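Structure file start-v8.txt; described as compact mmCIF, C-alpha atoms.
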# COMPACT_ATOMS: atom_id res chain seq x y z
CA MET D 1 -69.42 150.43 -52.50
CA ARG D 2 -70.98 150.77 -49.08
CA ALA D 3 -72.70 154.01 -48.26
CA GLU D 4 -70.90 156.42 -45.96
CA THR D 5 -73.54 155.95 -43.28
CA GLU D 6 -72.67 152.25 -43.11
CA LEU D 7 -69.01 153.10 -42.49
CA ARG D 8 -69.68 155.65 -39.74
CA PRO D 9 -69.53 154.25 -36.22
CA SER D 10 -72.76 153.98 -34.28
CA PHE D 11 -70.95 153.41 -31.00
CA ALA D 12 -68.06 154.99 -29.13
CA CYS D 13 -65.90 153.79 -26.29
CA ILE D 14 -63.71 155.95 -24.06
CA LEU D 15 -60.71 154.14 -22.62
CA GLY D 16 -58.75 155.01 -19.50
CA GLY D 17 -59.79 155.89 -15.99
CA ASP D 18 -58.07 159.28 -15.62
CA SER D 19 -59.73 162.16 -17.45
CA PRO D 20 -58.22 165.56 -16.58
CA GLU D 21 -60.38 168.65 -16.42
CA VAL D 22 -60.18 171.13 -19.27
CA TRP D 23 -62.34 174.23 -19.69
CA GLY D 24 -64.35 173.35 -16.59
CA ASP D 25 -65.22 169.83 -17.65
CA SER D 26 -63.52 166.45 -17.90
CA ALA D 27 -61.85 165.67 -21.21
CA ALA D 28 -63.98 162.51 -21.49
CA ASP D 29 -67.25 164.41 -21.06
CA ARG D 30 -66.15 166.92 -23.71
CA LEU D 31 -65.47 164.04 -26.10
CA ARG D 32 -68.94 162.65 -25.42
CA ARG D 33 -70.57 165.97 -26.29
CA VAL D 34 -68.53 166.43 -29.46
CA LEU D 35 -69.41 162.90 -30.55
CA ALA D 36 -73.10 163.42 -29.78
CA ARG D 37 -73.10 166.54 -31.96
CA ALA D 38 -71.50 164.45 -34.71
CA GLY D 39 -74.26 161.84 -34.44
CA VAL D 40 -72.61 159.24 -32.20
CA ALA D 41 -74.53 159.16 -28.93
CA ASP D 42 -74.28 155.48 -27.90
CA PHE D 43 -71.36 154.65 -25.62
CA VAL D 44 -70.19 151.23 -24.52
CA GLU D 45 -67.84 150.08 -21.80
CA PRO D 46 -64.50 148.52 -22.79
CA ASP D 47 -65.58 145.05 -21.63
CA ALA D 48 -68.53 145.17 -24.07
CA LEU D 49 -66.42 145.79 -27.18
CA SER D 50 -66.22 142.12 -28.11
CA ALA D 51 -70.01 141.95 -28.49
CA LEU D 52 -70.16 144.75 -31.09
CA THR D 53 -70.70 143.75 -34.70
CA GLY D 54 -70.39 147.16 -36.35
CA PRO D 55 -67.74 149.90 -36.54
CA VAL D 56 -66.81 151.76 -33.37
CA VAL D 57 -64.69 154.79 -32.50
CA LEU D 58 -62.42 154.46 -29.48
CA LEU D 59 -60.81 157.41 -27.73
CA ARG D 60 -58.43 158.04 -24.87
CA ALA D 61 -60.10 159.62 -21.85
CA ASP D 62 -57.35 162.25 -21.66
CA ALA D 63 -57.70 163.41 -25.28
CA ALA D 64 -58.89 166.78 -26.58
CA ILE D 65 -59.81 166.55 -30.26
CA ASP D 66 -61.12 169.41 -32.38
CA ALA D 67 -64.67 168.92 -33.67
CA PRO D 68 -63.88 169.04 -37.44
CA LEU D 69 -61.05 166.56 -36.92
CA LEU D 70 -63.26 164.13 -35.05
CA GLN D 71 -65.90 164.42 -37.77
CA ALA D 72 -63.25 163.59 -40.39
CA LEU D 73 -62.13 160.57 -38.37
CA LEU D 74 -65.69 159.24 -38.25
CA LYS D 75 -65.70 159.14 -42.06
CA THR D 76 -62.36 157.28 -42.31
CA PRO D 77 -62.45 153.67 -41.09
CA GLY D 78 -59.25 151.89 -40.15
CA THR D 79 -57.46 155.05 -39.03
CA VAL D 80 -55.53 155.77 -35.86
CA LEU D 81 -55.40 159.49 -35.07
CA LEU D 82 -52.05 160.68 -33.67
CA SER D 83 -51.59 163.65 -31.38
CA ASN D 84 -50.09 166.84 -32.82
CA GLY D 85 -49.30 168.62 -29.57
CA ASP D 86 -46.67 167.92 -26.93
CA PRO D 87 -46.22 164.97 -26.82
CA ALA D 88 -46.77 164.37 -30.53
CA GLY D 89 -47.35 161.10 -32.31
CA LEU D 90 -49.37 159.31 -29.62
CA PRO D 91 -52.50 157.40 -30.68
CA LEU D 92 -55.54 159.29 -29.36
CA ALA D 93 -58.47 157.80 -31.24
CA VAL D 94 -59.23 154.89 -33.54
CA HIS D 95 -62.03 154.34 -36.04
CA ALA D 96 -62.26 150.55 -35.89
CA PRO D 97 -64.14 148.66 -38.61
CA ALA D 98 -66.43 145.81 -37.63
CA GLY D 99 -64.63 143.04 -35.76
CA LEU D 100 -61.48 145.02 -34.98
CA ALA D 101 -62.56 146.81 -31.80
CA GLY D 102 -60.34 144.64 -29.57
CA ALA D 103 -57.24 145.34 -31.66
CA ALA D 104 -58.11 149.02 -31.68
CA ALA D 105 -58.31 149.09 -27.90
CA GLU D 106 -54.82 147.64 -27.65
CA VAL D 107 -53.48 150.41 -29.89
CA LEU D 108 -54.64 153.04 -27.38
CA ARG D 109 -53.40 151.30 -24.25
CA PRO D 110 -50.23 152.77 -22.71
CA GLY D 111 -47.12 150.96 -23.84
CA ASN D 112 -48.64 149.73 -27.12
CA ALA D 113 -48.44 152.99 -29.06
CA ALA D 114 -46.29 151.50 -31.81
CA ALA D 115 -48.24 148.24 -32.14
CA LEU D 116 -50.41 148.90 -35.17
CA PRO D 117 -52.01 145.63 -36.28
CA GLY D 118 -52.96 144.90 -39.87
CA GLY D 119 -55.95 146.83 -41.14
CA PHE D 120 -55.00 150.10 -39.44
CA ARG D 121 -53.00 153.09 -40.55
CA ALA D 122 -51.74 155.99 -38.46
CA VAL D 123 -52.86 159.46 -39.58
CA THR D 124 -52.30 163.04 -38.46
CA ALA D 125 -54.72 165.93 -38.56
CA ALA D 126 -53.19 167.04 -41.87
CA ASP D 127 -53.70 163.57 -43.38
CA LEU D 128 -57.45 163.70 -42.70
CA GLY D 129 -57.87 166.89 -44.72
CA ALA D 130 -59.70 168.78 -41.97
CA SER D 131 -57.48 171.87 -42.05
CA TYR D 132 -60.11 174.04 -43.76
CA TRP D 133 -63.06 174.76 -41.49
CA GLN D 134 -65.63 176.50 -43.66
CA ALA D 135 -67.93 177.46 -40.78
CA LEU D 136 -65.16 179.53 -39.17
CA ARG D 137 -63.65 180.75 -42.44
CA LYS D 138 -60.14 179.63 -41.64
CA ARG D 139 -57.33 177.27 -42.54
CA GLU D 140 -55.66 175.80 -39.49
CA GLU D 141 -54.54 172.35 -38.45
CA PRO D 142 -57.13 171.11 -35.91
CA TYR D 143 -55.81 170.12 -32.53
CA ALA D 144 -55.41 166.56 -31.27
CA LEU D 145 -53.93 166.90 -27.79
CA VAL D 146 -53.14 164.87 -24.73
CA VAL D 147 -54.54 166.83 -21.78
CA ARG D 148 -51.89 167.05 -19.09
CA PRO D 149 -52.48 169.12 -15.92
CA GLU D 150 -48.97 170.62 -16.01
CA ALA D 151 -49.61 171.99 -19.53
CA LEU D 152 -53.27 172.94 -19.01
CA LYS D 153 -52.93 176.68 -19.63
CA ARG D 154 -51.16 176.15 -22.95
CA ILE D 155 -53.67 173.49 -23.98
CA GLU D 156 -56.66 175.67 -23.11
CA TRP D 157 -55.15 178.58 -25.03
CA ARG D 158 -54.71 176.36 -28.10
CA MET D 159 -58.31 175.16 -27.82
CA PHE D 160 -59.55 178.73 -27.35
CA MET D 161 -57.75 180.04 -30.42
CA GLY D 162 -59.26 177.15 -32.36
CA THR D 163 -62.66 178.85 -31.92
CA TYR D 164 -61.56 182.02 -33.76
CA LYS D 165 -62.64 182.86 -37.27
CA GLY D 166 -59.91 183.21 -39.86
CA ALA D 167 -61.45 186.17 -41.68
CA THR D 168 -62.39 188.92 -39.26
CA ASP D 169 -61.57 192.52 -38.34
CA LEU D 170 -58.25 193.68 -36.90
CA VAL D 171 -59.62 194.41 -33.41
CA THR D 172 -61.16 190.96 -33.01
CA LYS D 173 -58.10 189.28 -34.50
CA TRP D 174 -55.29 191.06 -32.66
CA LEU D 175 -56.62 193.06 -29.69
CA TRP D 176 -59.32 190.93 -28.08
CA PRO D 177 -57.85 187.36 -27.89
CA ARG D 178 -55.89 187.63 -24.62
CA PRO D 179 -58.51 189.48 -22.55
CA ALA D 180 -61.29 187.41 -24.15
CA PHE D 181 -59.49 184.22 -23.14
CA HIS D 182 -59.50 185.24 -19.47
CA ALA D 183 -63.10 186.52 -19.62
CA THR D 184 -64.21 183.26 -21.23
CA LYS D 185 -62.39 181.29 -18.53
CA LEU D 186 -64.25 183.21 -15.82
CA CYS D 187 -67.60 182.67 -17.52
CA ALA D 188 -66.93 178.94 -17.87
CA ARG D 189 -65.83 178.69 -14.22
CA PHE D 190 -68.91 180.45 -12.84
CA GLY D 191 -71.41 178.82 -15.16
CA ILE D 192 -72.29 181.99 -17.09
CA THR D 193 -73.97 181.01 -20.34
CA PRO D 194 -73.30 182.48 -23.80
CA ASN D 195 -76.88 183.80 -23.97
CA GLN D 196 -76.37 185.65 -20.68
CA VAL D 197 -73.26 187.30 -22.11
CA THR D 198 -75.22 188.21 -25.26
CA ALA D 199 -78.01 189.70 -23.12
CA LEU D 200 -75.45 191.91 -21.36
CA SER D 201 -74.05 193.00 -24.72
CA LEU D 202 -77.60 193.97 -25.76
CA LEU D 203 -77.82 196.26 -22.71
CA LEU D 204 -74.55 197.88 -23.80
CA VAL D 205 -75.96 198.33 -27.32
CA ILE D 206 -78.86 200.28 -25.81
CA ALA D 207 -76.59 202.27 -23.48
CA ALA D 208 -74.29 203.24 -26.36
CA PHE D 209 -77.29 204.33 -28.42
CA TYR D 210 -78.54 206.54 -25.58
CA TRP D 211 -75.17 208.18 -24.90
CA PHE D 212 -74.46 208.76 -28.59
CA TRP D 213 -77.90 210.38 -28.90
CA GLU D 214 -77.07 212.68 -25.97
CA GLY D 215 -73.65 213.57 -27.39
CA ASN D 216 -71.90 211.85 -24.49
CA TRP D 217 -69.25 210.42 -26.79
CA MET D 218 -66.79 208.84 -24.39
CA ALA D 219 -69.43 207.04 -22.33
CA GLY D 220 -71.07 205.82 -25.52
CA LEU D 221 -67.78 204.61 -26.97
CA LEU D 222 -66.93 202.75 -23.76
CA ALA D 223 -70.29 201.00 -23.93
CA ALA D 224 -69.82 200.27 -27.64
CA TRP D 225 -66.34 198.79 -27.15
CA GLY D 226 -67.65 196.78 -24.21
CA MET D 227 -70.33 195.36 -26.48
CA THR D 228 -67.82 194.40 -29.18
CA PHE D 229 -65.69 192.65 -26.55
CA LEU D 230 -68.65 190.68 -25.22
CA ASP D 231 -69.58 189.87 -28.80
CA THR D 232 -66.24 188.07 -29.01
CA VAL D 233 -66.66 186.38 -25.64
CA ASP D 234 -70.16 184.95 -26.18
CA GLY D 235 -69.23 183.17 -29.40
CA LYS D 236 -65.98 181.80 -27.99
CA LEU D 237 -67.76 180.68 -24.82
CA ALA D 238 -70.41 178.84 -26.84
CA ARG D 239 -67.83 177.02 -28.96
CA ILE D 240 -65.32 176.24 -26.23
CA THR D 241 -67.94 174.92 -23.79
CA LEU D 242 -69.87 173.15 -26.58
CA THR D 243 -73.08 174.98 -25.65
CA SER D 244 -73.88 176.71 -28.93
CA SER D 245 -77.52 176.59 -30.03
CA LYS D 246 -79.66 177.79 -32.93
CA LEU D 247 -81.48 180.23 -30.63
CA GLY D 248 -78.20 181.63 -29.32
CA ASN D 249 -76.85 181.97 -32.84
CA VAL D 250 -79.93 183.91 -33.96
CA PHE D 251 -79.82 186.09 -30.81
CA ASP D 252 -76.15 186.94 -31.22
CA HIS D 253 -76.08 187.47 -34.98
CA GLY D 254 -79.40 189.30 -34.94
CA ILE D 255 -77.97 191.93 -32.59
CA ASP D 256 -74.77 192.14 -34.66
CA LEU D 257 -76.71 192.70 -37.86
CA ILE D 258 -79.27 195.24 -36.64
CA HIS D 259 -77.59 197.59 -34.18
CA PRO D 260 -74.93 199.48 -36.24
CA PRO D 261 -77.36 201.69 -38.24
CA PHE D 262 -79.04 202.74 -34.99
CA TRP D 263 -75.68 203.76 -33.52
CA TYR D 264 -74.90 205.91 -36.57
CA TRP D 265 -78.32 207.51 -36.40
CA ALA D 266 -77.81 208.30 -32.72
CA TRP D 267 -74.34 209.72 -33.46
CA ALA D 268 -75.83 212.05 -36.08
CA VAL D 269 -78.50 213.25 -33.63
CA GLY D 270 -75.84 213.73 -30.96
CA LEU D 271 -73.85 215.94 -33.33
CA GLN D 272 -76.91 218.11 -33.92
CA GLN D 273 -77.70 218.38 -30.19
CA SER D 274 -74.14 219.15 -29.14
CA GLY D 275 -73.78 222.08 -31.51
CA HIS D 276 -71.16 220.77 -33.95
CA THR D 277 -70.87 222.84 -37.09
CA LEU D 278 -71.76 220.21 -39.70
CA ASP D 279 -74.48 221.50 -42.02
CA GLU D 280 -77.74 219.57 -41.49
CA THR D 281 -77.91 218.64 -45.16
CA ASP D 282 -74.34 217.31 -45.07
CA LEU D 283 -75.09 215.40 -41.88
CA ILE D 284 -78.15 213.72 -43.40
CA LEU D 285 -76.15 212.87 -46.52
CA MET D 286 -73.37 211.31 -44.45
CA LEU D 287 -75.86 209.28 -42.43
CA ALA D 288 -77.52 208.08 -45.64
CA VAL D 289 -74.13 207.05 -47.09
CA ILE D 290 -73.17 205.15 -43.93
CA VAL D 291 -76.47 203.31 -43.48
CA ALA D 292 -77.01 202.59 -47.17
CA GLY D 293 -73.38 201.52 -47.53
CA TYR D 294 -73.68 199.16 -44.58
CA VAL D 295 -76.89 197.59 -45.92
CA LEU D 296 -75.56 197.32 -49.48
CA GLN D 297 -72.30 195.71 -48.32
CA ARG D 298 -74.33 193.07 -46.51
CA ILE D 299 -76.38 192.52 -49.67
CA VAL D 300 -73.22 192.15 -51.76
CA GLU D 301 -71.90 189.58 -49.30
CA GLY D 302 -75.20 187.71 -49.48
CA ILE D 303 -75.14 187.70 -53.28
CA ALA D 304 -71.61 186.29 -53.18
CA ILE D 305 -72.74 183.37 -51.01
CA TRP D 306 -75.79 182.82 -53.23
CA ARG D 307 -74.10 183.06 -56.63
CA LEU D 308 -70.50 182.06 -55.86
CA GLY D 309 -71.05 179.52 -53.11
CA LEU D 310 -68.58 181.10 -50.68
CA GLU D 311 -68.11 184.22 -48.58
CA ILE D 312 -66.31 186.87 -50.58
CA HIS D 313 -63.85 187.43 -47.70
CA VAL D 314 -62.29 183.98 -48.07
CA TRP D 315 -61.93 183.78 -51.85
CA ARG D 316 -58.37 185.18 -52.16
CA PRO D 317 -55.75 186.27 -49.59
CA VAL D 318 -56.34 189.92 -50.52
CA ASP D 319 -60.04 189.50 -49.73
CA THR D 320 -59.22 188.11 -46.28
CA TRP D 321 -56.80 190.98 -45.68
CA PHE D 322 -59.47 193.49 -46.71
CA ARG D 323 -61.83 191.99 -44.12
CA LEU D 324 -59.45 193.29 -41.43
CA VAL D 325 -60.30 196.90 -42.21
CA THR D 326 -63.56 196.85 -44.19
CA ALA D 327 -66.16 199.36 -43.03
CA ARG D 328 -67.97 197.33 -40.43
CA ARG D 329 -68.58 198.03 -36.76
CA ASN D 330 -65.09 197.67 -35.23
CA PRO D 331 -63.04 199.52 -37.88
CA ASN D 332 -65.69 202.26 -37.89
CA LEU D 333 -65.52 202.48 -34.09
CA LEU D 334 -61.76 202.95 -34.38
CA LEU D 335 -62.31 205.97 -36.63
CA LEU D 336 -64.95 207.44 -34.31
CA THR D 337 -62.75 206.88 -31.26
CA LEU D 338 -59.62 208.43 -32.81
CA PHE D 339 -61.42 211.59 -33.92
CA THR D 340 -63.37 211.87 -30.66
CA ALA D 341 -60.06 211.69 -28.76
CA VAL D 342 -59.08 214.99 -30.47
CA ALA D 343 -62.54 216.51 -29.83
CA ARG D 344 -63.77 216.14 -33.43
CA PRO D 345 -66.57 213.55 -33.40
CA ASP D 346 -67.98 215.33 -36.46
CA LEU D 347 -64.87 214.53 -38.50
CA GLY D 348 -65.03 210.96 -37.20
CA PHE D 349 -68.54 210.67 -38.60
CA ALA D 350 -67.39 212.10 -41.93
CA ALA D 351 -64.45 209.65 -42.01
CA VAL D 352 -66.82 206.73 -41.47
CA ALA D 353 -68.99 207.95 -44.36
CA VAL D 354 -66.02 208.23 -46.72
CA TRP D 355 -64.59 204.85 -45.69
CA THR D 356 -68.00 203.17 -46.02
CA ALA D 357 -68.42 204.49 -49.55
CA LEU D 358 -64.95 203.32 -50.56
CA CYS D 359 -65.49 199.88 -49.04
CA LEU D 360 -68.81 199.50 -50.81
CA LEU D 361 -67.11 200.19 -54.15
CA LEU D 362 -64.42 197.63 -53.33
CA HIS D 363 -67.05 195.07 -52.36
CA VAL D 364 -68.88 195.57 -55.64
CA PHE D 365 -65.56 195.21 -57.50
CA GLN D 366 -64.82 191.98 -55.60
CA LEU D 367 -68.26 190.61 -56.47
CA LEU D 368 -67.88 191.45 -60.18
CA GLN D 369 -64.47 189.77 -60.23
CA GLY D 370 -65.94 186.71 -58.53
CA LEU D 371 -68.85 186.48 -60.96
CA ALA D 372 -66.45 186.72 -63.91
CA ALA D 373 -64.15 184.05 -62.45
CA ALA D 374 -67.10 181.75 -61.70
CA ARG D 375 -67.82 181.49 -65.43
CA ARG D 376 -64.61 179.46 -65.73
CA GLY D 377 -65.51 177.08 -62.93
CA LYS D 378 -66.60 176.84 -59.30
CA LEU D 379 -64.67 179.15 -56.97
CA ARG D 380 -62.66 177.79 -54.06
CA SER D 381 -61.41 179.59 -50.99
CA TRP D 382 -57.65 180.02 -50.89
CA MET D 383 -57.86 178.56 -47.38
CA ALA D 384 -59.11 175.25 -48.77
CA GLY D 385 -55.73 174.60 -50.39
CA PRO D 386 -54.99 173.37 -53.92
CA ALA D 387 -57.88 172.10 -56.02

Translate this structure into structure tokens?
Amino acid sequence: MRAETELRPSFACILGGDSPEVWGDSAADRLRRVLARAGVADFVEPDALSALTGPVVLLRADAAIDAPLLQALLKTPGTVLLSNGDPAGLPLAVHAPAGLAGAAAEVLRPGNAAALPGGFRAVTAADLGASYWQALRKREEPYALVVRPEALKRIEWRMFMGTYKGATDLVTKWLWPRPAFHATKLCARFGITPNQVTALSLLLVIAAFYWFWEGNWMAGLLAAWGMTFLDTVDGKLARITLTSSKLGNVFDHGIDLIHPPFWYWAWAVGLQQSGHTLDETDLILMLAVIVAGYVLQRIVEGIAIWRLGLEIHVWRPVDTWFRLVTARRNPNLLLLTLFTAVARPDLGFAAVAVWTALCLLLHVFQLLQGLAAARRGKLRSWMAGPA
């Protein structure tokens, strides 16, 4: 059996002169960047196909193909990927084995959509088994679309939602998508980079800390919610414009990981300075519960990845549901905001402490269940489908 590396194409060819713009770039240039990230960086012109002696992937210049789907296609020689949008069933890309590049090109040419020569088989996104994207913790059929100017808004929305994680909190999942879509569009149009968005969110982290410390609750909460919104935008911008980087990932996730305990500390100081009636001992105890609970939840999640081989939030549907409301930044901010709206930021702080303690217990229970189940065999995410 030949090794997988021998079956993967070393070359790519993009067919067709018209390549509509999508997310601020031509569809063809997006395909080139996705292919380069997948390890295919050598491109040939159509008239040079006959000289190739190895496998090649051919793509329509007006195609938009999700990254995990394209990666799956590169591992599956002799396949013709069909579109799953509107129109559906059109050949968008072909992984042609050695010597079949010419026949593959004919499959993609307009008018020859049904002419599949011997040695090829038509597949959909579902057939390639790329519906579970582990990096984004979700199960979703990847997109394979024909980019048409008259349907551009719908296509860009579908591509944008493809960047979302499947297991996340309720604010990120249900409140932010529409405004984040428009903010991401503006950033892409004006050339604003994901790291620039992250830098602005860092300034809001500092502003929220200052206002919480001063007991200026509403200003601090506005800054905090602005930061959480930008935290959604920077990640989506990086994925949708194919500009994610290791440095940007560390910058973004580093801020996400570190700042919450400092906000809770500032909130506790703000309560003391603004004369709320919480006993100092009770306040210190609440702060200790919140910070320790936050750190311990992160440790539990890390142990799950280490010992179970998957994030605890994607093991079972109930675990994914629990991720919507678990005591992390956004659900905690909801509690603080609701109680501050009725002039009781002290009770909001107490509510966060209670909810953090409960969530920590639930996380430990999840981990113990996972460790017990792992004795019977390797765990799989419910999103990955049947074993």

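Non-sequential neighbours of Val300 in chain D (distance at most 9 Å, separation of 3 or more positions within a chain, all atoms listed in the file) are Val295, Leu296, Gln297, Ile303, Ala304, Ile305, Ile312, Leu360, His363, Val364 and Leu367 of chain D.
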
I want to know what sits within 7 Å of Ala96 in chain D, based on only C-alpha atoms, with residues of the same chain fewer than 6 positions away left out; could you give that as a PyMOL selection string? chain D and resi 55-57+77-78+104

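The residue that comes closest to Leu92 in chain D, out of D:Pro177, D:Gly118, D:Gly254, D:Gly16 and on the basis of only C-alpha atoms, is D:Gly16.
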
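The interatomic distance for the pair CA of Ala384 in chain D and CA of Ala72 in chain D works out to 14.9 Å.
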
Got a sec: who's within 12 Å of Leu52 in chain D, counting only C-alpha atoms, leaving out chain neighbours fewer than 6 positions off, as an MDAnalysis selection string? chainID D and resid 9:13 42:46 96:102

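CA of Asn249 in chain D lies 27.2 Å from CA of Leu379 in chain D.
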
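Minimum atom-to-atom distance to Thr228 in chain D, evaluated using all atoms listed in the file, belongs to D:Leu333 out of D:Leu333, D:Leu287, D:Ala199, D:Ile299.
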
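Residues in contact with range 120-123 of chain D at 6 Å, where only C-alpha atoms are counted and same-chain residues fewer than 4 positions away are skipped, are listed as Gly78, Thr79, Val80, Leu81 and Asp127 of chain D.
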
Can you pull out every residue within 7 Å of range 149-161 of chain D, counting all atoms listed in the file, but drop anything in the same chain fewer than 4 positions away, and send it as an MDAnalysis selection string? chainID D and resid 20 22:23 181 240

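Counting all atoms listed in the file and comparing D:Arg139, D:Arg33, D:Arg8, D:Arg344, the residue that lies closest to Leu74 in chain D is D:Arg8.
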
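We find CA of Ser83 in chain D and CA of Ala125 in chain D to be spaced 8.2 Å apart.
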
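Nearest residue to Val352 in chain D among D:Pro179, D:Gly24, D:Gly302, D:Gly293 is D:Gly293, counting all atoms listed in the file.
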
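Comparing D:Pro117, D:Gly309, D:Gly129, D:Gly89 by their smallest distance to Leu70 in chain D, the closest is D:Gly129 (using only C-alpha atoms).
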
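With distances restricted to all atoms listed in the file, D:Lys173 is the closest residue to Asn330 in chain D from D:Lys165, D:Lys173, D:Arg37, D:Arg30.
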